[in-house]
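The structure appears below as structure tokens.
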Amino acid sequence: MMKTKSFHFILFLLLSILLLSATLSLCHHDHDHNLRQCRERCEEKQKYQQKRCLRDCQEKYGGTGWESTEEERERSTHEYNSRWEEEQQEQQQNNPYFFDEDSFNDRFRTQEGYIRVSQRFSKKSKLLQGFDNYRFSFFEANPHTFVVPNHIDAEYILYVVKGKGTISLVNQENRETYSLERGDVLRIPAGTMLNVVNRDGKQKLQFAEFFQSISVPGKFRDYIGMGGQNPESYFNSFSGEVLQAAFNTPRDQIQRLFGQQKKGMIIKASEEQIKAISKHASESHQKRKGKSSGGPFKLLQKSPVHSNKYGKLIQVDGNDYNQLQDLDMSVTFTNITKGGMMAPFYNTKSSRFVMVVKGQGYFEMACPHISKTQQRGQRTQEQEETEQEGVHYQRISAQLRPRTAFVIPAGHPTTIIASNNENLQMVVYGINVRDNQKNFLAGKENVMNQISREAKELGFNVEATEVEEIFNNQKESFFLPGPQQQQQQQQKQQKGEDGVHHVPLSSIYDFAAF
Ligand SMILES: *[C@@H]1O[C@H](CO)[C@@H](O)[C@H](O)[C@H]1NC(C)=O
């Protein structure tokens, strides 16, 4: 009796499993179908649009995304059908300062994640050749994954955009293991052997990284010992007899060790393995008293340099985090509230490398190195220095979305505007930051107010009172209401004037003072 009962139960169980897997495979099939249809639609598009279209399909139906919602993706597919977007795209292709997704190449990619590195700055444009030793990189790893240990011939700073990780930094004399979470900044000295896991079971782990090469100009590479065929281990390039001697081990045993790994750079790990690796987080093991990095800097816990309802800027440099001192660099997190903008500014000597991690918006920059005809015309001539008399500024502009990046060279007046739908969040790496000044060109606090009345009058050839009125109209500083918000405010005011007599609050106070 008991036996038949349990037999029935097992039968029932088996049937349910069968049913479930059939449903799942149907769903899966549905997804595949959508992906195929989406791809077919791309083929009808113009050539230069196809690449992005295919990638959008992959993101929508293929299951990888960088902080973008369904709605956002719908919007972006829709938008880029329009003529306006085509023009934008043309302009972005000629924009030497802007790195769209196509300006990044996969360094490593598996089913479990990717490491993408920006193209060389000197290849992108002659105007960037002074920054050739720097590169942007985006990293993403799926839940419960492991990145094969490696070292890099570059100085390396990372910012944790999302997720929870564990990182171990290993050298001959010491091992440091740290937990990583959103907002952490960590400098990794060149050549440090490191090992990263995503210890979270649900969230992806994402970094926005910045590299400075130290040997071959503009180039850096990963050196992987613990590998095999994929990723390839550098041990495999030594000759058999040398390895045999070095390890004092028979050759076939050595061949087996360096021949097994075929899964790639970012691989799945079990929960137990992750736990074991993460167990020592925030410990450092030192054989001798060596230099310890002191671990990551918690940027989001620092008080902001500028903050109001239109945005927030938090920054760290060598004064707070001494690991940035010798690099003479800073790391900034900027969050522009939707509809807001950053007041136009320039940096006196620091150049800035901006990586967009969330939201949408655009930037505008005045550039004296490019003339109108050159920008439209042939790329070969584009940045040739034609030192004509006087100066002309070309407006450089690009639409910003996650996984794009741009460069703001020192001295260039720039502004960044968030879309009306989402806050725009960026990680900004600054170089040459010692004694740098950030000068704002509009807003209540701006550098123009430091200039004498007479100089303003002579400079603009307009009466000083008029100049001062305009430079004092803006009551906010650093972060301001953006173009659309500002228009809405003006419309509201005008409406007020059309209706009941509208007295601004300030003049009521003036009146009361008498
Ligand atoms: C960005 O700013 C918005 C609005 O001020 C805020 O709600 C959000 O939490 C901020 N995000 C971060 C990561 O600081």
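Following the order of the structure tokens, first chain is A, next is B, and so on, with residues numbered from 1 inside each chain and ligands from 1 in the order they appear.
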
Can you tell me which residues sit at most 7 Å away from ligand 1, counting only C-alpha atoms and all ligand atoms, written as a ChimeraX atom specification? /A:309-311,335-337,423

Among the residues of segment 246-307 of chain A, find those DSSP assigns to helix (DSSP H, G or I) from the backbone and print them as number ranges by chain. A: 246-247, 251-257, 271-278, 299-301

Would you mind exporting the chosen residues as a PDB file, in the first residue's frame, restricted to N, CA, C and O atoms?
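Result file is selection.pdb:
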```
ATOM      1  N   ALA A 246      61.720  24.111 -13.569  1.00  0.00           N
ATOM      2  CA  ALA A 246      61.269  25.132 -12.623  1.00  0.00           C
ATOM      3  C   ALA A 246      60.337  24.554 -11.572  1.00  0.00           C
ATOM      4  O   ALA A 246      60.426  24.898 -10.395  1.00  0.00           O
ATOM      5  N   PHE A 247      59.431  23.672 -11.975  1.00  0.00           N
ATOM      6  CA  PHE A 247      58.471  23.091 -11.031  1.00  0.00           C
ATOM      7  C   PHE A 247      58.948  21.766 -10.429  1.00  0.00           C
ATOM      8  O   PHE A 247      58.285  21.202  -9.570  1.00  0.00           O
ATOM      9  N   ARG A 251      56.842  16.328 -17.034  1.00  0.00           N
ATOM     10  CA  ARG A 251      56.266  17.179 -18.052  1.00  0.00           C
ATOM     11  C   ARG A 251      54.766  16.925 -18.279  1.00  0.00           C
ATOM     12  O   ARG A 251      53.991  17.877 -18.426  1.00  0.00           O
ATOM     13  N   ASP A 252      54.354  15.650 -18.284  1.00  0.00           N
ATOM     14  CA  ASP A 252      52.936  15.379 -18.598  1.00  0.00           C
ATOM     15  C   ASP A 252      52.009  15.931 -17.519  1.00  0.00           C
ATOM     16  O   ASP A 252      50.910  16.390 -17.791  1.00  0.00           O
ATOM     17  N   GLN A 253      52.497  15.909 -16.288  1.00  0.00           N
ATOM     18  CA  GLN A 253      51.691  16.475 -15.206  1.00  0.00           C
ATOM     19  C   GLN A 253      51.529  17.980 -15.381  1.00  0.00           C
ATOM     20  O   GLN A 253      50.460  18.544 -15.154  1.00  0.00           O
ATOM     21  N   ILE A 254      52.612  18.621 -15.800  1.00  0.00           N
ATOM     22  CA  ILE A 254      52.578  20.073 -16.035  1.00  0.00           C
ATOM     23  C   ILE A 254      51.641  20.406 -17.199  1.00  0.00           C
ATOM     24  O   ILE A 254      50.831  21.328 -17.114  1.00  0.00           O
ATOM     25  N   GLN A 255      51.747  19.606 -18.261  1.00  0.00           N
ATOM     26  CA  GLN A 255      50.892  19.848 -19.422  1.00  0.00           C
ATOM     27  C   GLN A 255      49.418  19.762 -19.054  1.00  0.00           C
ATOM     28  O   GLN A 255      48.596  20.521 -19.552  1.00  0.00           O
ATOM     29  N   ARG A 256      49.110  18.796 -18.177  1.00  0.00           N
ATOM     30  CA  ARG A 256      47.728  18.645 -17.747  1.00  0.00           C
ATOM     31  C   ARG A 256      47.248  19.899 -16.997  1.00  0.00           C
ATOM     32  O   ARG A 256      46.193  20.451 -17.276  1.00  0.00           O
ATOM     33  N   LEU A 257      48.091  20.373 -16.091  1.00  0.00           N
ATOM     34  CA  LEU A 257      47.728  21.555 -15.293  1.00  0.00           C
ATOM     35  C   LEU A 257      47.429  22.767 -16.181  1.00  0.00           C
ATOM     36  O   LEU A 257      46.445  23.470 -15.966  1.00  0.00           O
ATOM     37  N   GLU A 271      28.298  28.621  -4.756  1.00  0.00           N
ATOM     38  CA  GLU A 271      28.103  29.484  -3.602  1.00  0.00           C
ATOM     39  C   GLU A 271      29.182  29.223  -2.540  1.00  0.00           C
ATOM     40  O   GLU A 271      29.677  30.156  -1.915  1.00  0.00           O
ATOM     41  N   GLU A 272      29.538  27.945  -2.381  1.00  0.00           N
ATOM     42  CA  GLU A 272      30.544  27.594  -1.362  1.00  0.00           C
ATOM     43  C   GLU A 272      31.903  28.184  -1.730  1.00  0.00           C
ATOM     44  O   GLU A 272      32.602  28.729  -0.880  1.00  0.00           O
ATOM     45  N   GLN A 273      32.249  28.096  -3.019  1.00  0.00           N
ATOM     46  CA  GLN A 273      33.533  28.652  -3.462  1.00  0.00           C
ATOM     47  C   GLN A 273      33.569  30.160  -3.225  1.00  0.00           C
ATOM     48  O   GLN A 273      34.562  30.710  -2.745  1.00  0.00           O
ATOM     49  N   ILE A 274      32.461  30.811  -3.574  1.00  0.00           N
ATOM     50  CA  ILE A 274      32.383  32.265  -3.392  1.00  0.00           C
ATOM     51  C   ILE A 274      32.534  32.604  -1.906  1.00  0.00           C
ATOM     52  O   ILE A 274      33.265  33.522  -1.540  1.00  0.00           O
ATOM     53  N   LYS A 275      31.830  31.850  -1.071  1.00  0.00           N
ATOM     54  CA  LYS A 275      31.890  32.100   0.377  1.00  0.00           C
ATOM     55  C   LYS A 275      33.317  31.977   0.886  1.00  0.00           C
ATOM     56  O   LYS A 275      33.789  32.813   1.647  1.00  0.00           O
ATOM     57  N   ALA A 276      33.996  30.912   0.441  1.00  0.00           N
ATOM     58  CA  ALA A 276      35.371  30.681   0.900  1.00  0.00           C
ATOM     59  C   ALA A 276      36.283  31.826   0.472  1.00  0.00           C
ATOM     60  O   ALA A 276      37.097  32.311   1.268  1.00  0.00           O
ATOM     61  N   ILE A 277      36.119  32.276  -0.770  1.00  0.00           N
ATOM     62  CA  ILE A 277      36.975  33.357  -1.271  1.00  0.00           C
ATOM     63  C   ILE A 277      36.671  34.660  -0.529  1.00  0.00           C
ATOM     64  O   ILE A 277      37.567  35.438  -0.217  1.00  0.00           O
ATOM     65  N   SER A 278      35.407  34.882  -0.227  1.00  0.00           N
ATOM     66  CA  SER A 278      35.004  36.149   0.392  1.00  0.00           C
ATOM     67  C   SER A 278      35.217  36.173   1.900  1.00  0.00           C
ATOM     68  O   SER A 278      35.093  37.216   2.528  1.00  0.00           O
ATOM     69  N   LEU A 299      33.260  56.497  -1.581  1.00  0.00           N
ATOM     70  CA  LEU A 299      33.037  57.843  -2.126  1.00  0.00           C
ATOM     71  C   LEU A 299      31.659  58.397  -1.772  1.00  0.00           C
ATOM     72  O   LEU A 299      31.529  59.565  -1.403  1.00  0.00           O
ATOM     73  N   LEU A 300      30.627  57.557  -1.852  1.00  0.00           N
ATOM     74  CA  LEU A 300      29.263  58.079  -1.660  1.00  0.00           C
ATOM     75  C   LEU A 300      28.987  58.496  -0.215  1.00  0.00           C
ATOM     76  O   LEU A 300      28.003  59.165   0.065  1.00  0.00           O
ATOM     77  N   GLN A 301      29.898  58.096   0.706  1.00  0.00           N
ATOM     78  CA  GLN A 301      29.708  58.496   2.099  1.00  0.00           C
ATOM     79  C   GLN A 301      30.381  59.825   2.417  1.00  0.00           C
ATOM     80  O   GLN A 301      30.254  60.364   3.511  1.00  0.00           O
TER      81      GLN A 301
END
```

Name all residues at most 10 Å from Gln315 of chain A (count only C-alpha atoms; drop same-chain ones fewer than 4 positions away) and give them as a short mmCIF file (atom, residue, chain, number, x, y, z; two decimals) with all heavy atoms, in the first residue's frame.
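part-v6.cif, written as the output of this step:
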```cif
data_model
loop_
_atom_site.label_atom_id
_atom_site.label_comp_id
_atom_site.auth_asym_id
_atom_site.auth_seq_id
_atom_site.Cartn_x
_atom_site.Cartn_y
_atom_site.Cartn_z
N LEU A 299 33.26 56.50 -1.58
CA LEU A 299 33.04 57.84 -2.13
C LEU A 299 31.66 58.40 -1.77
O LEU A 299 31.53 59.56 -1.40
CB LEU A 299 33.23 57.82 -3.65
CG LEU A 299 33.14 59.17 -4.35
CD1 LEU A 299 34.13 60.17 -3.78
CD2 LEU A 299 33.36 59.03 -5.84
N LEU A 300 30.63 57.56 -1.85
CA LEU A 300 29.26 58.08 -1.66
C LEU A 300 28.99 58.50 -0.22
O LEU A 300 28.00 59.16 0.07
CB LEU A 300 28.22 57.05 -2.12
CG LEU A 300 28.24 56.73 -3.62
CD1 LEU A 300 27.12 55.77 -3.99
CD2 LEU A 300 28.16 57.99 -4.47
N LYS A 302 31.14 60.35 1.45
CA LYS A 302 31.82 61.62 1.67
C LYS A 302 30.82 62.77 1.46
O LYS A 302 29.86 62.62 0.70
CB LYS A 302 32.96 61.72 0.65
CG LYS A 302 33.97 62.76 1.00
CD LYS A 302 35.18 62.70 0.07
CE LYS A 302 36.11 63.83 0.42
NZ LYS A 302 36.09 64.94 -0.51
N SER A 303 31.06 63.91 2.14
CA SER A 303 30.12 65.02 1.92
C SER A 303 30.43 65.67 0.57
O SER A 303 31.58 65.80 0.18
CB SER A 303 30.20 66.02 3.06
OG SER A 303 31.51 66.51 3.15
N PRO A 304 29.37 66.08 -0.12
CA PRO A 304 29.55 66.58 -1.49
C PRO A 304 30.26 67.93 -1.55
O PRO A 304 30.20 68.71 -0.60
CB PRO A 304 28.11 66.71 -2.01
CG PRO A 304 27.22 66.57 -0.86
CD PRO A 304 27.97 65.99 0.28
N VAL A 305 30.92 68.19 -2.65
CA VAL A 305 31.55 69.49 -2.89
C VAL A 305 30.47 70.49 -3.27
O VAL A 305 30.46 71.63 -2.81
CB VAL A 305 32.57 69.39 -4.06
CG1 VAL A 305 33.31 70.71 -4.24
CG2 VAL A 305 33.55 68.25 -3.84
N HIS A 306 29.57 70.07 -4.15
CA HIS A 306 28.43 70.91 -4.53
C HIS A 306 27.18 70.05 -4.41
O HIS A 306 27.19 68.89 -4.81
CB HIS A 306 28.53 71.36 -5.99
CG HIS A 306 29.82 72.01 -6.34
ND1 HIS A 306 30.27 73.14 -5.68
CD2 HIS A 306 30.74 71.71 -7.26
CE1 HIS A 306 31.43 73.49 -6.20
NE2 HIS A 306 31.75 72.64 -7.16
N ASP A 320 42.37 62.87 0.50
CA ASP A 320 41.53 61.97 1.30
C ASP A 320 41.91 60.52 1.11
O ASP A 320 41.69 59.69 1.99
CB ASP A 320 40.06 62.12 0.91
CG ASP A 320 39.61 63.56 0.97
OD1 ASP A 320 39.59 64.12 2.08
OD2 ASP A 320 39.31 64.13 -0.10
N SER A 330 41.95 62.39 -9.53
CA SER A 330 40.76 62.46 -8.67
C SER A 330 39.68 61.57 -9.27
O SER A 330 39.72 61.24 -10.45
CB SER A 330 40.24 63.90 -8.58
OG SER A 330 39.77 64.33 -9.83
N VAL A 331 38.73 61.19 -8.42
CA VAL A 331 37.56 60.45 -8.90
C VAL A 331 36.32 61.18 -8.37
O VAL A 331 36.26 61.53 -7.19
CB VAL A 331 37.55 58.99 -8.40
CG1 VAL A 331 36.37 58.23 -9.00
CG2 VAL A 331 38.86 58.29 -8.73
N THR A 332 35.38 61.42 -9.26
CA THR A 332 34.20 62.19 -8.92
C THR A 332 32.95 61.42 -9.28
O THR A 332 32.90 60.78 -10.33
CB THR A 332 34.18 63.52 -9.73
OG1 THR A 332 35.42 64.18 -9.54
CG2 THR A 332 33.05 64.43 -9.29
N PHE A 333 31.95 61.47 -8.40
CA PHE A 333 30.64 60.96 -8.76
C PHE A 333 29.71 62.16 -8.92
O PHE A 333 29.62 62.99 -8.03
CB PHE A 333 30.11 60.01 -7.68
CG PHE A 333 28.72 59.52 -7.95
CD1 PHE A 333 28.51 58.51 -8.87
CD2 PHE A 333 27.62 60.10 -7.33
CE1 PHE A 333 27.22 58.07 -9.15
CE2 PHE A 333 26.33 59.65 -7.60
CZ PHE A 333 26.13 58.64 -8.52
N THR A 334 29.09 62.26 -10.08
CA THR A 334 28.18 63.38 -10.34
C THR A 334 26.79 62.84 -10.65
O THR A 334 26.64 61.93 -11.46
CB THR A 334 28.67 64.22 -11.55
OG1 THR A 334 30.01 64.61 -11.31
CG2 THR A 334 27.82 65.46 -11.72
N VAL A 427 30.65 58.86 -13.57
CA VAL A 427 31.89 58.73 -12.83
C VAL A 427 32.94 59.48 -13.64
O VAL A 427 33.07 59.24 -14.84
CB VAL A 427 32.31 57.26 -12.69
CG1 VAL A 427 33.61 57.14 -11.92
CG2 VAL A 427 31.21 56.46 -12.02
N VAL A 428 33.66 60.38 -12.99
CA VAL A 428 34.60 61.22 -13.72
C VAL A 428 36.01 61.02 -13.16
O VAL A 428 36.23 61.19 -11.96
CB VAL A 428 34.20 62.71 -13.59
CG1 VAL A 428 35.11 63.58 -14.43
CG2 VAL A 428 32.75 62.92 -13.96
N TYR A 429 36.93 60.65 -14.02
CA TYR A 429 38.33 60.54 -13.62
C TYR A 429 39.05 61.82 -14.04
O TYR A 429 38.94 62.25 -15.18
CB TYR A 429 38.98 59.31 -14.27
CG TYR A 429 38.44 58.01 -13.71
CD1 TYR A 429 37.41 57.32 -14.33
CD2 TYR A 429 38.95 57.50 -12.52
CE1 TYR A 429 36.90 56.13 -13.79
CE2 TYR A 429 38.45 56.33 -11.97
CZ TYR A 429 37.43 55.65 -12.61
OH TYR A 429 36.94 54.50 -12.06
N GLY A 430 39.77 62.43 -13.10
CA GLY A 430 40.50 63.66 -13.40
C GLY A 430 41.99 63.41 -13.33
O GLY A 430 42.47 62.70 -12.45
#
```

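In this comparison, which uses only C-alpha atoms, the residue of A:Gln450, A:Pro344, A:Gln437, A:Cys57 approaching Arg36 of chain A most closely is A:Cys57.
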
A:Lys475, A:His151, A:Lys202, A:Lys438 ranked by distance to Pro189 of chain A, top pick (using only C-alpha atoms):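 Distance minimum relative to Pro189 of chain A lands on A:His151.
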
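Of the listed residues A:Gly318, A:Tyr223, A:Ile416, A:Gly482, the one whose atoms come nearest to Arg187 of chain A is A:Gly318, with distances taken using only C-alpha atoms.
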
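Taking atom CA of Phe363 of chain A and atom CA of Ser103 of chain A as the two end points, the separation is 17.6 Å.
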
Restricting the calculation to only C-alpha atoms: of A:Lys349, A:His412, A:Lys444, A:Arg401, which residue gets closest to Leu424 of chain A? A:Arg401

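The residue that comes closest to Ser213 of chain A, out of A:Asp200, A:Glu469, A:Glu155, A:Asp100 and on the basis of only C-alpha atoms, is A:Glu155.
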
Quick one: residues within 8 Å of Ser215 of chain A, only C-alpha atoms, excluding same-chain residues fewer than 2 positions away - as an mmCIF file with N, CA, C and O atoms, in the first residue's frame?
```cif
data_model
loop_
_atom_site.group_PDB
_atom_site.id
_atom_site.type_symbol
_atom_site.label_atom_id
_atom_site.label_comp_id
_atom_site.auth_asym_id
_atom_site.auth_seq_id
_atom_site.Cartn_x
_atom_site.Cartn_y
_atom_site.Cartn_z
ATOM 1 N N ASP A 153 49.676 45.390 -16.884
ATOM 2 C CA ASP A 153 50.803 46.331 -16.939
ATOM 3 C C ASP A 153 50.290 47.764 -17.080
ATOM 4 O O ASP A 153 50.603 48.470 -18.046
ATOM 5 N N ALA A 154 49.476 48.169 -16.110
ATOM 6 C CA ALA A 154 48.926 49.523 -16.090
ATOM 7 C C ALA A 154 48.515 49.874 -14.672
ATOM 8 O O ALA A 154 48.178 48.997 -13.880
ATOM 9 N N SER A 213 48.589 53.282 -18.879
ATOM 10 C CA SER A 213 49.608 52.304 -19.249
ATOM 11 C C SER A 213 50.979 52.747 -18.759
ATOM 12 O O SER A 213 51.252 53.935 -18.603
ATOM 13 N N PRO A 217 53.354 52.632 -24.864
ATOM 14 C CA PRO A 217 52.452 53.791 -24.830
ATOM 15 C C PRO A 217 51.046 53.434 -25.322
ATOM 16 O O PRO A 217 50.876 52.854 -26.382
ATOM 17 N N LYS A 219 49.028 51.240 -24.482
ATOM 18 C CA LYS A 219 48.591 49.851 -24.481
ATOM 19 C C LYS A 219 48.739 49.237 -23.107
ATOM 20 O O LYS A 219 49.641 49.589 -22.359
ATOM 21 N N PHE A 220 47.849 48.337 -22.793
ATOM 22 C CA PHE A 220 48.033 47.523 -21.603
ATOM 23 C C PHE A 220 47.407 46.175 -21.859
ATOM 24 O O PHE A 220 46.518 46.034 -22.687
#
```

Quick one: everything within 8 Å of segment 226-240 of chain A, counting only C-alpha atoms, minus sequence neighbours fewer than 2 positions away in the same chain. Send it as a list in words.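 Near segment 226-240 of chain A, the qualifying residues are Val148, Pro149, Asn150, Tyr223, Ile224, Val242, Leu243, Gln244, Arg251, Leu257, Phe258, Gly259, Gln260, Gln261, Lys262, Lys263, Gly264 and Met265 of chain A.
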
Which residue of A:Val216, A:Cys42, A:Ile408, A:Ile167 approaches Thr192 of chain A most closely, using only C-alpha atoms: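 Selected residue with least distance to Thr192 of chain A: A:Ile167.
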
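Backbone DSSP over segment 170-202 of chain A gives strand (DSSP E or B) for Val170, Asn174, Arg175, Glu176, Thr177, Tyr178, Ser179, Leu180, Asp184, Val185, Leu186, Arg187, Ile188, Met193, Leu194, Asn195, Val196, Val197 and Asn198 of chain A.
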
Writer output for current selection, C-alpha atoms, as a PDB file, in the first residue's frame:
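For reference, result.pdb as written:
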```
ATOM      1  CA  VAL A 170      48.149  39.744  -4.024  1.00  0.00           C
ATOM      2  CA  ASN A 174      51.041  40.285   1.235  1.00  0.00           C
ATOM      3  CA  ARG A 175      47.454  39.528   0.411  1.00  0.00           C
ATOM      4  CA  GLU A 176      44.621  41.964   0.953  1.00  0.00           C
ATOM      5  CA  THR A 177      40.995  40.979   0.485  1.00  0.00           C
ATOM      6  CA  TYR A 178      38.227  43.573   0.424  1.00  0.00           C
ATOM      7  CA  SER A 179      34.486  43.677   0.021  1.00  0.00           C
ATOM      8  CA  LEU A 180      33.325  45.951  -2.750  1.00  0.00           C
ATOM      9  CA  ASP A 184      33.724  52.200  -3.696  1.00  0.00           C
ATOM     10  CA  VAL A 185      36.854  53.605  -5.346  1.00  0.00           C
ATOM     11  CA  LEU A 186      39.911  51.363  -5.417  1.00  0.00           C
ATOM     12  CA  ARG A 187      43.334  52.005  -6.868  1.00  0.00           C
ATOM     13  CA  ILE A 188      45.180  48.905  -7.951  1.00  0.00           C
ATOM     14  CA  MET A 193      47.855  40.120  -9.017  1.00  0.00           C
ATOM     15  CA  LEU A 194      44.131  40.396  -8.512  1.00  0.00           C
ATOM     16  CA  ASN A 195      41.160  38.200  -8.276  1.00  0.00           C
ATOM     17  CA  VAL A 196      37.532  39.315  -8.351  1.00  0.00           C
ATOM     18  CA  VAL A 197      34.274  37.544  -7.533  1.00  0.00           C
ATOM     19  CA  ASN A 198      30.676  38.652  -7.749  1.00  0.00           C
TER      20      ASN A 198
END
```

Any idea what the distance is between atom CA of Asn449 of chain A and atom CA of Glu468 of chain A? 8.0 Å
